file target-v7.cif (mmCIF, C-alpha atoms)
data_query
#
loop_
_atom_site.label_atom_id
_atom_site.label_comp_id
_atom_site.auth_asym_id
_atom_site.auth_seq_id
_atom_site.Cartn_x
_atom_site.Cartn_y
_atom_site.Cartn_z
CA MET K 1016 -183.20 -64.22 -6.68
CA LEU K 1017 -185.72 -65.56 -9.14
CA TYR K 1018 -189.04 -64.47 -10.56
CA ASN K 1019 -191.67 -66.80 -9.06
CA GLY K 1020 -188.78 -69.07 -8.06
CA ILE K 1021 -187.84 -69.84 -11.68
CA MET K 1022 -184.91 -68.60 -13.71
CA GLN K 1023 -186.23 -68.30 -17.25
CA LYS K 1024 -184.34 -70.53 -19.70
CA MET K 1025 -183.28 -68.46 -22.68
CA HIS K 1026 -182.26 -71.20 -25.13
CA ASP K 1027 -184.66 -71.35 -28.10
CA LYS K 1028 -186.51 -68.19 -26.99
CA THR K 1029 -187.59 -65.88 -29.81
CA VAL K 1030 -186.48 -62.33 -29.04
CA LEU K 1031 -187.52 -59.25 -31.01
CA ILE K 1032 -185.24 -56.25 -30.47
CA THR K 1033 -186.09 -52.93 -32.11
CA GLY K 1034 -183.30 -50.65 -33.24
CA ALA K 1035 -180.75 -53.46 -33.03
CA SER K 1036 -178.30 -52.48 -35.75
CA ARG K 1037 -176.15 -50.42 -33.37
CA GLY K 1038 -175.64 -49.28 -29.80
CA ILE K 1039 -177.52 -50.90 -26.94
CA GLY K 1040 -179.79 -52.78 -29.33
CA ALA K 1041 -176.87 -54.39 -31.16
CA GLU K 1042 -175.20 -55.46 -27.92
CA THR K 1043 -178.53 -56.83 -26.69
CA ALA K 1044 -178.91 -58.89 -29.87
CA LEU K 1045 -175.43 -60.35 -29.35
CA ALA K 1046 -176.10 -61.09 -25.67
CA PHE K 1047 -179.26 -63.06 -26.48
CA ALA K 1048 -177.45 -64.77 -29.37
CA LYS K 1049 -174.87 -66.14 -26.95
CA LEU K 1050 -177.73 -67.87 -25.11
CA GLY K 1051 -178.93 -69.70 -28.24
CA CYS K 1052 -182.00 -67.56 -28.90
CA ASN K 1053 -183.81 -66.83 -32.13
CA VAL K 1054 -182.80 -63.17 -32.52
CA ILE K 1055 -184.86 -60.74 -34.60
CA ILE K 1056 -182.97 -57.53 -35.42
CA THR K 1057 -184.94 -54.56 -36.67
CA PHE K 1058 -183.27 -51.70 -38.47
CA LEU K 1059 -184.38 -48.48 -40.14
CA GLU K 1060 -181.72 -47.35 -42.61
CA GLU K 1061 -178.32 -48.90 -41.89
CA VAL K 1062 -178.55 -52.24 -43.70
CA SER K 1063 -174.79 -52.81 -43.67
CA LYS K 1064 -174.60 -52.40 -39.89
CA ALA K 1065 -177.58 -54.72 -39.43
CA GLU K 1066 -175.91 -57.32 -41.66
CA ASP K 1067 -172.75 -57.06 -39.57
CA ILE K 1068 -174.71 -57.66 -36.35
CA ARG K 1069 -176.43 -60.64 -38.00
CA ARG K 1070 -173.04 -62.16 -38.85
CA ARG K 1071 -171.76 -61.56 -35.34
CA ALA K 1072 -174.94 -62.94 -33.75
CA ASN K 1073 -174.73 -66.11 -35.82
CA ALA K 1074 -171.09 -66.52 -34.84
CA ALA K 1075 -172.02 -65.98 -31.17
CA GLY K 1076 -174.35 -68.97 -31.21
CA ALA K 1077 -177.83 -67.72 -32.08
CA LYS K 1078 -180.26 -70.45 -33.07
CA SER K 1079 -181.38 -68.17 -35.90
CA VAL K 1080 -181.10 -64.50 -36.82
CA GLU K 1081 -183.62 -62.52 -38.81
CA LEU K 1082 -183.29 -58.97 -40.16
CA VAL K 1083 -186.52 -56.98 -40.42
CA HIS K 1084 -186.95 -53.42 -41.66
CA LEU K 1085 -189.03 -51.35 -39.23
CA ASP K 1086 -189.98 -47.69 -39.13
CA LEU K 1087 -191.81 -47.07 -35.86
CA ARG K 1088 -193.24 -43.84 -37.26
CA SER K 1089 -195.29 -45.86 -39.77
CA GLN K 1090 -198.22 -48.07 -38.80
CA ALA K 1091 -197.93 -49.86 -42.15
CA SER K 1092 -194.28 -50.66 -41.42
CA ILE K 1093 -195.16 -51.99 -37.97
CA ARG K 1094 -197.87 -54.25 -39.43
CA SER K 1095 -195.60 -55.49 -42.21
CA ALA K 1096 -192.70 -56.24 -39.84
CA LEU K 1097 -194.86 -58.17 -37.39
CA LYS K 1098 -196.55 -60.12 -40.19
CA SER K 1099 -193.20 -61.38 -41.48
CA ILE K 1100 -191.98 -62.20 -37.95
CA LEU K 1101 -195.12 -64.13 -37.03
CA LEU K 1102 -195.12 -66.04 -40.32
CA LYS K 1103 -191.62 -67.33 -39.56
CA TYR K 1104 -191.70 -67.77 -35.78
CA GLY K 1105 -195.38 -68.01 -34.87
CA GLY K 1106 -194.93 -65.80 -31.83
CA ILE K 1107 -192.51 -63.75 -29.75
CA ASP K 1108 -191.21 -64.79 -26.34
CA ILE K 1109 -189.46 -61.54 -25.45
CA LEU K 1110 -190.09 -58.10 -26.93
CA VAL K 1111 -187.36 -55.53 -26.30
CA ASN K 1112 -188.51 -52.02 -27.21
CA ASN K 1113 -185.13 -50.39 -27.66
CA ALA K 1114 -185.31 -48.10 -30.71
CA GLY K 1115 -185.09 -44.41 -29.92
CA VAL K 1116 -183.88 -41.03 -31.09
CA ILE K 1117 -182.65 -37.98 -29.21
CA ARG K 1118 -182.15 -34.29 -29.92
CA TRP K 1119 -179.77 -32.42 -27.62
CA LYS K 1120 -181.34 -28.96 -27.95
CA LYS K 1121 -183.08 -26.44 -25.77
CA PHE K 1122 -186.81 -26.74 -26.26
CA GLU K 1123 -187.05 -23.34 -27.99
CA ASP K 1124 -184.52 -24.54 -30.59
CA GLN K 1125 -186.25 -27.83 -31.41
CA THR K 1126 -188.05 -27.90 -34.73
CA ASP K 1127 -191.42 -29.55 -35.29
CA ASP K 1128 -189.56 -32.38 -37.02
CA ASP K 1129 -187.27 -32.81 -33.99
CA ILE K 1130 -190.27 -33.02 -31.69
CA ASP K 1131 -192.27 -35.34 -33.94
CA GLU K 1132 -189.40 -37.75 -34.56
CA GLN K 1133 -188.70 -38.22 -30.86
CA ILE K 1134 -192.33 -38.61 -29.84
CA GLN K 1135 -193.30 -40.83 -32.77
CA THR K 1136 -190.28 -43.13 -32.39
CA ASN K 1137 -189.69 -43.23 -28.64
CA LEU K 1138 -193.27 -43.31 -27.42
CA VAL K 1139 -196.06 -43.50 -30.00
CA GLY K 1140 -194.30 -46.08 -32.18
CA LEU K 1141 -193.32 -48.11 -29.13
CA ILE K 1142 -196.94 -48.14 -27.97
CA ARG K 1143 -198.27 -49.07 -31.42
CA LEU K 1144 -195.78 -51.89 -31.87
CA THR K 1145 -196.56 -53.22 -28.42
CA LYS K 1146 -200.30 -53.05 -29.16
CA GLN K 1147 -199.90 -55.09 -32.34
CA ALA K 1148 -197.43 -57.56 -30.81
CA LEU K 1149 -199.19 -58.03 -27.47
CA PRO K 1150 -201.43 -61.00 -28.44
CA HIS K 1151 -198.34 -62.85 -29.67
CA VAL K 1152 -195.93 -62.18 -26.78
CA ARG K 1153 -195.56 -65.25 -24.58
CA ASP K 1154 -193.29 -64.15 -21.77
CA CYS K 1155 -191.85 -60.68 -21.33
CA ILE K 1156 -191.91 -57.09 -22.60
CA ILE K 1157 -188.91 -54.90 -21.77
CA SER K 1158 -188.92 -51.26 -22.83
CA LEU K 1159 -185.89 -49.01 -22.65
CA ALA K 1160 -186.58 -45.98 -20.53
CA SER K 1161 -183.72 -43.83 -19.22
CA GLY K 1162 -182.34 -41.98 -16.26
CA ALA K 1163 -183.92 -39.08 -18.12
CA GLY K 1164 -187.25 -40.77 -17.42
CA SER K 1165 -186.69 -40.43 -13.68
CA HIS K 1166 -185.21 -36.94 -13.37
CA PRO K 1167 -185.01 -34.00 -15.77
CA VAL K 1168 -181.99 -33.33 -17.95
CA ARG K 1169 -181.30 -29.90 -19.42
CA ASP K 1170 -181.66 -29.70 -23.23
CA LEU K 1171 -183.63 -32.98 -23.32
CA SER K 1172 -187.17 -31.74 -22.69
CA VAL K 1173 -188.91 -33.81 -25.38
CA TYR K 1174 -186.70 -36.87 -24.90
CA CYS K 1175 -187.39 -36.76 -21.15
CA ALA K 1176 -191.12 -36.53 -21.84
CA THR K 1177 -191.01 -39.64 -24.02
CA LYS K 1178 -189.08 -41.65 -21.43
CA TYR K 1179 -191.37 -40.60 -18.58
CA GLY K 1180 -194.17 -41.74 -20.89
CA VAL K 1181 -192.55 -45.13 -21.52
CA ARG K 1182 -192.38 -45.76 -17.79
CA GLY K 1183 -196.01 -44.80 -17.22
CA PHE K 1184 -197.20 -46.88 -20.16
CA SER K 1185 -195.27 -49.93 -18.96
CA GLU K 1186 -196.56 -49.67 -15.39
CA VAL K 1187 -200.17 -49.72 -16.57
CA LEU K 1188 -199.47 -52.41 -19.17
CA ALA K 1189 -198.21 -54.62 -16.34
CA MET K 1190 -201.39 -53.98 -14.32
CA GLU K 1191 -203.60 -54.94 -17.25
CA ASN K 1192 -201.63 -58.02 -18.36
CA THR K 1193 -200.92 -60.10 -15.31
CA GLY K 1194 -199.94 -63.12 -17.39
CA LEU K 1195 -196.92 -61.28 -18.81
CA ARG K 1196 -193.82 -59.86 -17.19
CA VAL K 1197 -193.41 -56.19 -18.11
CA TYR K 1198 -190.40 -54.05 -17.19
CA THR K 1199 -188.57 -50.91 -18.11
CA VAL K 1200 -184.79 -50.80 -18.04
CA SER K 1201 -183.28 -47.37 -17.42
CA PRO K 1202 -179.65 -46.80 -18.35
CA THR K 1203 -177.63 -43.80 -17.32
CA MET K 1204 -175.47 -42.17 -19.99
CA THR K 1205 -174.25 -44.92 -22.32
CA SER K 1206 -171.48 -44.82 -24.91
CA THR K 1207 -173.39 -44.78 -28.21
CA GLU K 1208 -173.87 -42.41 -31.13
CA MET K 1209 -176.67 -40.74 -29.15
CA THR K 1210 -174.17 -39.51 -26.54
CA ASP K 1211 -171.17 -39.00 -28.83
CA TYR K 1212 -169.73 -42.13 -27.20
CA HIS K 1213 -169.67 -40.85 -23.63
CA GLY K 1214 -170.78 -43.08 -20.77
CA MET K 1215 -170.85 -46.71 -19.74
CA PRO K 1216 -170.27 -49.53 -22.24
CA PRO K 1217 -173.52 -50.52 -24.00
CA GLU K 1218 -172.77 -54.19 -23.37
CA ASN K 1219 -173.34 -53.54 -19.65
CA VAL K 1220 -176.85 -52.33 -20.40
CA ALA K 1221 -177.41 -55.35 -22.65
CA LYS K 1222 -176.48 -57.68 -19.82
CA VAL K 1223 -178.98 -55.96 -17.54
CA ILE K 1224 -181.67 -56.39 -20.21
CA VAL K 1225 -180.90 -60.12 -20.49
CA ARG K 1226 -180.92 -60.54 -16.70
CA THR K 1227 -184.27 -58.72 -16.59
CA ALA K 1228 -185.63 -61.19 -19.14
CA LYS K 1229 -184.30 -64.09 -17.08
CA ASP K 1230 -185.63 -63.21 -13.64
CA GLY K 1231 -186.58 -59.54 -13.44
CA TYR K 1232 -184.14 -59.13 -10.55
CA ASP K 1233 -186.94 -60.63 -8.46
CA GLN K 1234 -188.85 -57.36 -8.89
CA PRO K 1235 -192.59 -57.34 -9.60
CA SER K 1236 -193.87 -56.86 -13.10
CA GLY K 1237 -194.14 -53.16 -13.86
CA SER K 1238 -190.84 -52.31 -12.14
CA ASP K 1239 -188.20 -50.00 -13.54
CA ILE K 1240 -184.78 -51.66 -13.43
CA LYS K 1241 -182.24 -48.85 -13.02
CA VAL K 1242 -178.94 -49.94 -14.51
CA TRP K 1243 -176.87 -47.77 -12.18
CA GLU K 1244 -178.47 -49.45 -9.16
CA VAL K 1245 -177.85 -53.05 -10.24
CA LEU K 1246 -174.44 -52.50 -11.83
CA ASN K 1247 -172.46 -52.73 -8.59
CA LYS K 1248 -174.20 -56.00 -7.71
CA HIS K 1249 -173.19 -57.44 -11.07
CA LEU K 1250 -169.61 -56.30 -10.68
CA GLU K 1251 -169.44 -57.89 -7.23
CA GLU K 1252 -170.91 -61.18 -8.43
CA GLY K 1253 -169.22 -61.22 -11.82
CA TRP K 1254 -171.25 -61.02 -15.01
CA ASP K 1255 -173.01 -64.25 -15.88
#
call {"tool": "encode", "arguments": {"input": "target-v7.cif", "output": "structure tokens"}}
result
Amino acid sequence: MLYNGIMQKMHDKTVLITGASRGIGAETALAFAKLGCNVIITFLEEVSKAEDIRRRANAAGAKSVELVHLDLRSQASIRSALKSILLKYGGIDILVNNAGVIRWKKFEDQTDDDIDEQIQTNLVGLIRLTKQALPHVRDCIISLASGAGSHPVRDLSVYCATKYGVRGFSEVLAMENTGLRVYTVSPTMTSTEMTDYHGMPPENVAKVIVRTAKDGYDQPSGSDIKVWEVLNKHLEEGWD
């Protein structure tokens, strides 16, 4: 089923994906590349991994690929990254807020730095980037939430708080911006460095993100797309 009866055409779309040098973000960059998009990959420290994803995205068929350094904990970095993106592309069709960090510790064992890094990256930085990008986003904002943003997970108190926050922020953002499509996508445990490579393949989550950008699963703006709920449907239909 389609959003407002129209399947969004992805070719030539400009897609900004935060934290795209590895994990879900990297697979999302490759998935959009296969559709002929302009793919903007942000990275924090791992330049070599980002370069590898750029090579793979170009080989997959991206119209263009841009690497941009971004530290979501820094407002200056957010402003600088967006300035360079807008100078080259003039705007953003799809913003995918993917970057995140996690600390698997009981709350009493988390340091101030552990707490600050998760909150500043997963929630505050996401909000600040979205605030600065909002006037330039033409179509869709997708933010990665989590199953941990729907029900509590032991040893993930702060991470859970940030993901609950992402969902609440996105729901209100959708209410206030009726001309945009706004969604959260919530994976269950996914095989990345964050989970010591336990869980579902990250490319499955990437495909759900792309499908959300295409038609939002015919769900209203502001909805949370739970990967574990749509996965069986995809497997029955075959991934497109």
call {"tool": "closest_atom_pairs", "arguments": {"input": "target-v7.cif", "of": "range 1167-1235 of chain K", "to": "range 1139-1144 of chain K", "cutoff": "10 Å", "atoms": "only C-alpha atoms", "output": "tab-separated table"}}
result
residue	atom	partner	partner_atom	distance
K:Thr1177	CA	K:Val1139	CA	8.7
K:Gly1180	CA	K:Val1139	CA	9.5
K:Val1181	CA	K:Leu1141	CA	8.2
K:Phe1184	CA	K:Ile1142	CA	7.9
K:Ser1185	CA	K:Ile1142	CA	9.3
call {"tool": "resolve_selection", "arguments": {"input": "target-v7.cif", "expression": "the PyMOL selection byres ((chain K and resi 1084) around 7)", "output": "list in words"}}
result
Thr1057, Phe1058, Leu1059, Leu1082, Val1083, Leu1085, Asp1086 and Ala1096 of chain K
call {"tool": "axis_aligned_box", "arguments": {"input": "target-v7.cif", "around": "range 1102-1121 of chain K", "padding_each_side": "8 Å", "output": "JSON"}}
result
{"center_x": -187.6, "center_y": -47.2, "center_z": -32.9, "size_x": 31.6, "size_y": 57.6, "size_z": 30.9}
call {"tool": "resolve_selection", "arguments": {"input": "target-v7.cif", "expression": "the PyMOL selection byres ((chain K and resi 1237) around 7)", "output": "number ranges by chain"}}
result
K: 1185-1186, 1189, 1197-1198, 1235-1236, 1238-1239
call {"tool": "atom_distance", "arguments": {"input": "target-v7.cif", "atom1": "CA of Val1080 in chain K", "atom2": "CA of Val1054 in chain K"}}
result
4.8 Å
call {"tool": "residues_around", "arguments": {"input": "target-v7.cif", "residues": "Phe1047 in chain K", "least_positions_apart": "3", "cutoff": "10 Å", "atoms": "only C-alpha atoms", "output": "list in words"}}
result
Met1025, His1026, Lys1028, Thr1029, Val1030, Ile1032, Glu1042, Thr1043, Ala1044, Leu1050, Gly1051, Cys1052, Asn1053, Val1054, Ala1072, Ala1075, Gly1076, Ala1077, Lys1078, Ala1221, Lys1222, Ile1224, Val1225 and Ala1228 of chain K
call {"tool": "write_last_selection", "arguments": {"input": "target-v7.cif", "atoms": "C-alpha atoms", "output": "CSV table (one decimal), in the coordinates of the input"}}
result
chain,number,residue,atom,x,y,z
K,1025,MET,CA,-183.3,-68.5,-22.7
K,1026,HIS,CA,-182.3,-71.2,-25.1
K,1028,LYS,CA,-186.5,-68.2,-27.0
K,1029,THR,CA,-187.6,-65.9,-29.8
K,1030,VAL,CA,-186.5,-62.3,-29.0
K,1032,ILE,CA,-185.2,-56.2,-30.5
K,1042,GLU,CA,-175.2,-55.5,-27.9
K,1043,THR,CA,-178.5,-56.8,-26.7
K,1044,ALA,CA,-178.9,-58.9,-29.9
K,1050,LEU,CA,-177.7,-67.9,-25.1
K,1051,GLY,CA,-178.9,-69.7,-28.2
K,1052,CYS,CA,-182.0,-67.6,-28.9
K,1053,ASN,CA,-183.8,-66.8,-32.1
K,1054,VAL,CA,-182.8,-63.2,-32.5
K,1072,ALA,CA,-174.9,-62.9,-33.8
K,1075,ALA,CA,-172.0,-66.0,-31.2
K,1076,GLY,CA,-174.4,-69.0,-31.2
K,1077,ALA,CA,-177.8,-67.7,-32.1
K,1078,LYS,CA,-180.3,-70.4,-33.1
K,1221,ALA,CA,-177.4,-55.4,-22.6
K,1222,LYS,CA,-176.5,-57.7,-19.8
K,1224,ILE,CA,-181.7,-56.4,-20.2
K,1225,VAL,CA,-180.9,-60.1,-20.5
K,1228,ALA,CA,-185.6,-61.2,-19.1
call {"tool": "decode", "arguments": {"input": "target-v7.cif", "residues": "range 1124-1214 of chain K", "atoms": "C-alpha atoms", "output": "PDB file, in the first residue's frame"}}
result
ATOM      1  CA  ASP K1124      27.917   1.635  36.956  1.00  0.00           C
ATOM      2  CA  GLN K1125      27.522   4.231  34.205  1.00  0.00           C
ATOM      3  CA  THR K1126      29.921   7.148  34.400  1.00  0.00           C
ATOM      4  CA  ASP K1127      28.958  10.745  33.686  1.00  0.00           C
ATOM      5  CA  ASP K1128      30.754  10.378  30.353  1.00  0.00           C
ATOM      6  CA  ASP K1129      28.721   7.255  29.527  1.00  0.00           C
ATOM      7  CA  ILE K1130      25.499   9.097  30.272  1.00  0.00           C
ATOM      8  CA  ASP K1131      26.471  12.273  28.430  1.00  0.00           C
ATOM      9  CA  GLU K1132      27.682  10.482  25.304  1.00  0.00           C
ATOM     10  CA  GLN K1133      24.457   8.517  24.909  1.00  0.00           C
ATOM     11  CA  ILE K1134      22.155  11.460  25.572  1.00  0.00           C
ATOM     12  CA  GLN K1135      24.137  13.956  23.504  1.00  0.00           C
ATOM     13  CA  THR K1136      24.503  11.624  20.507  1.00  0.00           C
ATOM     14  CA  ASN K1137      21.252   9.659  20.498  1.00  0.00           C
ATOM     15  CA  LEU K1138      18.832  12.407  21.462  1.00  0.00           C
ATOM     16  CA  VAL K1139      20.168  15.946  21.857  1.00  0.00           C
ATOM     17  CA  GLY K1140      22.387  15.790  18.763  1.00  0.00           C
ATOM     18  CA  LEU K1141      19.614  14.187  16.748  1.00  0.00           C
ATOM     19  CA  ILE K1142      17.237  16.980  17.756  1.00  0.00           C
ATOM     20  CA  ARG K1143      19.782  19.714  16.998  1.00  0.00           C
ATOM     21  CA  LEU K1144      20.639  18.288  13.589  1.00  0.00           C
ATOM     22  CA  THR K1145      16.966  17.937  12.739  1.00  0.00           C
ATOM     23  CA  LYS K1146      16.338  21.533  13.855  1.00  0.00           C
ATOM     24  CA  GLN K1147      19.074  22.868  11.584  1.00  0.00           C
ATOM     25  CA  ALA K1148      18.152  20.614   8.645  1.00  0.00           C
ATOM     26  CA  LEU K1149      14.372  20.997   8.880  1.00  0.00           C
ATOM     27  CA  PRO K1150      13.979  24.039   6.564  1.00  0.00           C
ATOM     28  CA  HIS K1151      15.925  22.161   3.879  1.00  0.00           C
ATOM     29  CA  VAL K1152      14.240  18.732   4.065  1.00  0.00           C
ATOM     30  CA  ARG K1153      11.851  18.232   1.162  1.00  0.00           C
ATOM     31  CA  ASP K1154      10.262  14.870   1.787  1.00  0.00           C
ATOM     32  CA  CYS K1155      10.939  12.637   4.768  1.00  0.00           C
ATOM     33  CA  ILE K1156      12.662  12.382   8.153  1.00  0.00           C
ATOM     34  CA  ILE K1157      13.332   8.893   9.513  1.00  0.00           C
ATOM     35  CA  SER K1158      14.890   8.504  12.944  1.00  0.00           C
ATOM     36  CA  LEU K1159      16.175   5.221  14.312  1.00  0.00           C
ATOM     37  CA  ALA K1160      14.468   4.339  17.546  1.00  0.00           C
ATOM     38  CA  SER K1161      14.637   0.801  18.939  1.00  0.00           C
ATOM     39  CA  GLY K1162      12.709  -2.001  20.539  1.00  0.00           C
ATOM     40  CA  ALA K1163      14.322  -0.503  23.631  1.00  0.00           C
ATOM     41  CA  GLY K1164      12.215   2.574  22.941  1.00  0.00           C
ATOM     42  CA  SER K1165       9.025   0.544  23.358  1.00  0.00           C
ATOM     43  CA  HIS K1166       9.834  -1.670  26.337  1.00  0.00           C
ATOM     44  CA  PRO K1167      12.589  -1.576  28.955  1.00  0.00           C
ATOM     45  CA  VAL K1168      15.787  -3.574  28.654  1.00  0.00           C
ATOM     46  CA  ARG K1169      17.942  -4.391  31.663  1.00  0.00           C
ATOM     47  CA  ASP K1170      21.344  -2.634  31.707  1.00  0.00           C
ATOM     48  CA  LEU K1171      20.195  -0.108  29.076  1.00  0.00           C
ATOM     49  CA  SER K1172      18.546   2.544  31.256  1.00  0.00           C
ATOM     50  CA  VAL K1173      20.051   5.605  29.556  1.00  0.00           C
ATOM     51  CA  TYR K1174      19.912   4.122  26.060  1.00  0.00           C
ATOM     52  CA  CYS K1175      16.235   3.252  26.593  1.00  0.00           C
ATOM     53  CA  ALA K1176      15.569   6.811  27.759  1.00  0.00           C
ATOM     54  CA  THR K1177      17.109   8.252  24.599  1.00  0.00           C
ATOM     55  CA  LYS K1178      15.098   5.966  22.322  1.00  0.00           C
ATOM     56  CA  TYR K1179      11.822   6.670  24.122  1.00  0.00           C
ATOM     57  CA  GLY K1180      12.760  10.328  23.626  1.00  0.00           C
ATOM     58  CA  VAL K1181      13.376   9.876  19.898  1.00  0.00           C
ATOM     59  CA  ARG K1182       9.904   8.419  19.490  1.00  0.00           C
ATOM     60  CA  GLY K1183       8.229  11.234  21.413  1.00  0.00           C
ATOM     61  CA  PHE K1184      10.168  13.894  19.545  1.00  0.00           C
ATOM     62  CA  SER K1185       9.270  12.380  16.177  1.00  0.00           C
ATOM     63  CA  GLU K1186       5.567  12.098  17.001  1.00  0.00           C
ATOM     64  CA  VAL K1187       5.347  15.791  17.843  1.00  0.00           C
ATOM     65  CA  LEU K1188       7.553  16.772  14.899  1.00  0.00           C
ATOM     66  CA  ALA K1189       5.046  15.043  12.622  1.00  0.00           C
ATOM     67  CA  MET K1190       2.148  16.952  14.211  1.00  0.00           C
ATOM     68  CA  GLU K1191       3.899  20.288  13.699  1.00  0.00           C
ATOM     69  CA  ASN K1192       5.130  19.643  10.133  1.00  0.00           C
ATOM     70  CA  THR K1193       2.237  18.280   8.138  1.00  0.00           C
ATOM     71  CA  GLY K1194       4.015  18.886   4.846  1.00  0.00           C
ATOM     72  CA  LEU K1195       6.705  16.325   5.715  1.00  0.00           C
ATOM     73  CA  ARG K1196       6.558  12.609   6.353  1.00  0.00           C
ATOM     74  CA  VAL K1197       8.140  11.785   9.709  1.00  0.00           C
ATOM     75  CA  TYR K1198       8.717   8.260  11.024  1.00  0.00           C
ATOM     76  CA  THR K1199      10.729   6.281  13.495  1.00  0.00           C
ATOM     77  CA  VAL K1200      12.044   2.849  12.594  1.00  0.00           C
ATOM     78  CA  SER K1201      12.564   0.496  15.532  1.00  0.00           C
ATOM     79  CA  PRO K1202      14.822  -2.519  15.051  1.00  0.00           C
ATOM     80  CA  THR K1203      15.081  -5.390  17.456  1.00  0.00           C
ATOM     81  CA  MET K1204      18.577  -6.649  18.279  1.00  0.00           C
ATOM     82  CA  THR K1205      20.708  -6.229  15.155  1.00  0.00           C
ATOM     83  CA  SER K1206      24.100  -7.716  14.343  1.00  0.00           C
ATOM     84  CA  THR K1207      26.452  -4.738  14.684  1.00  0.00           C
ATOM     85  CA  GLU K1208      29.348  -3.709  16.897  1.00  0.00           C
ATOM     86  CA  MET K1209      26.797  -2.341  19.382  1.00  0.00           C
ATOM     87  CA  THR K1210      25.493  -5.863  20.062  1.00  0.00           C
ATOM     88  CA  ASP K1211      28.759  -7.765  19.602  1.00  0.00           C
ATOM     89  CA  TYR K1212      27.266  -8.989  16.312  1.00  0.00           C
ATOM     90  CA  HIS K1213      24.217 -10.720  17.756  1.00  0.00           C
ATOM     91  CA  GLY K1214      20.827 -10.341  16.102  1.00  0.00           C
TER      92      GLY K1214
END
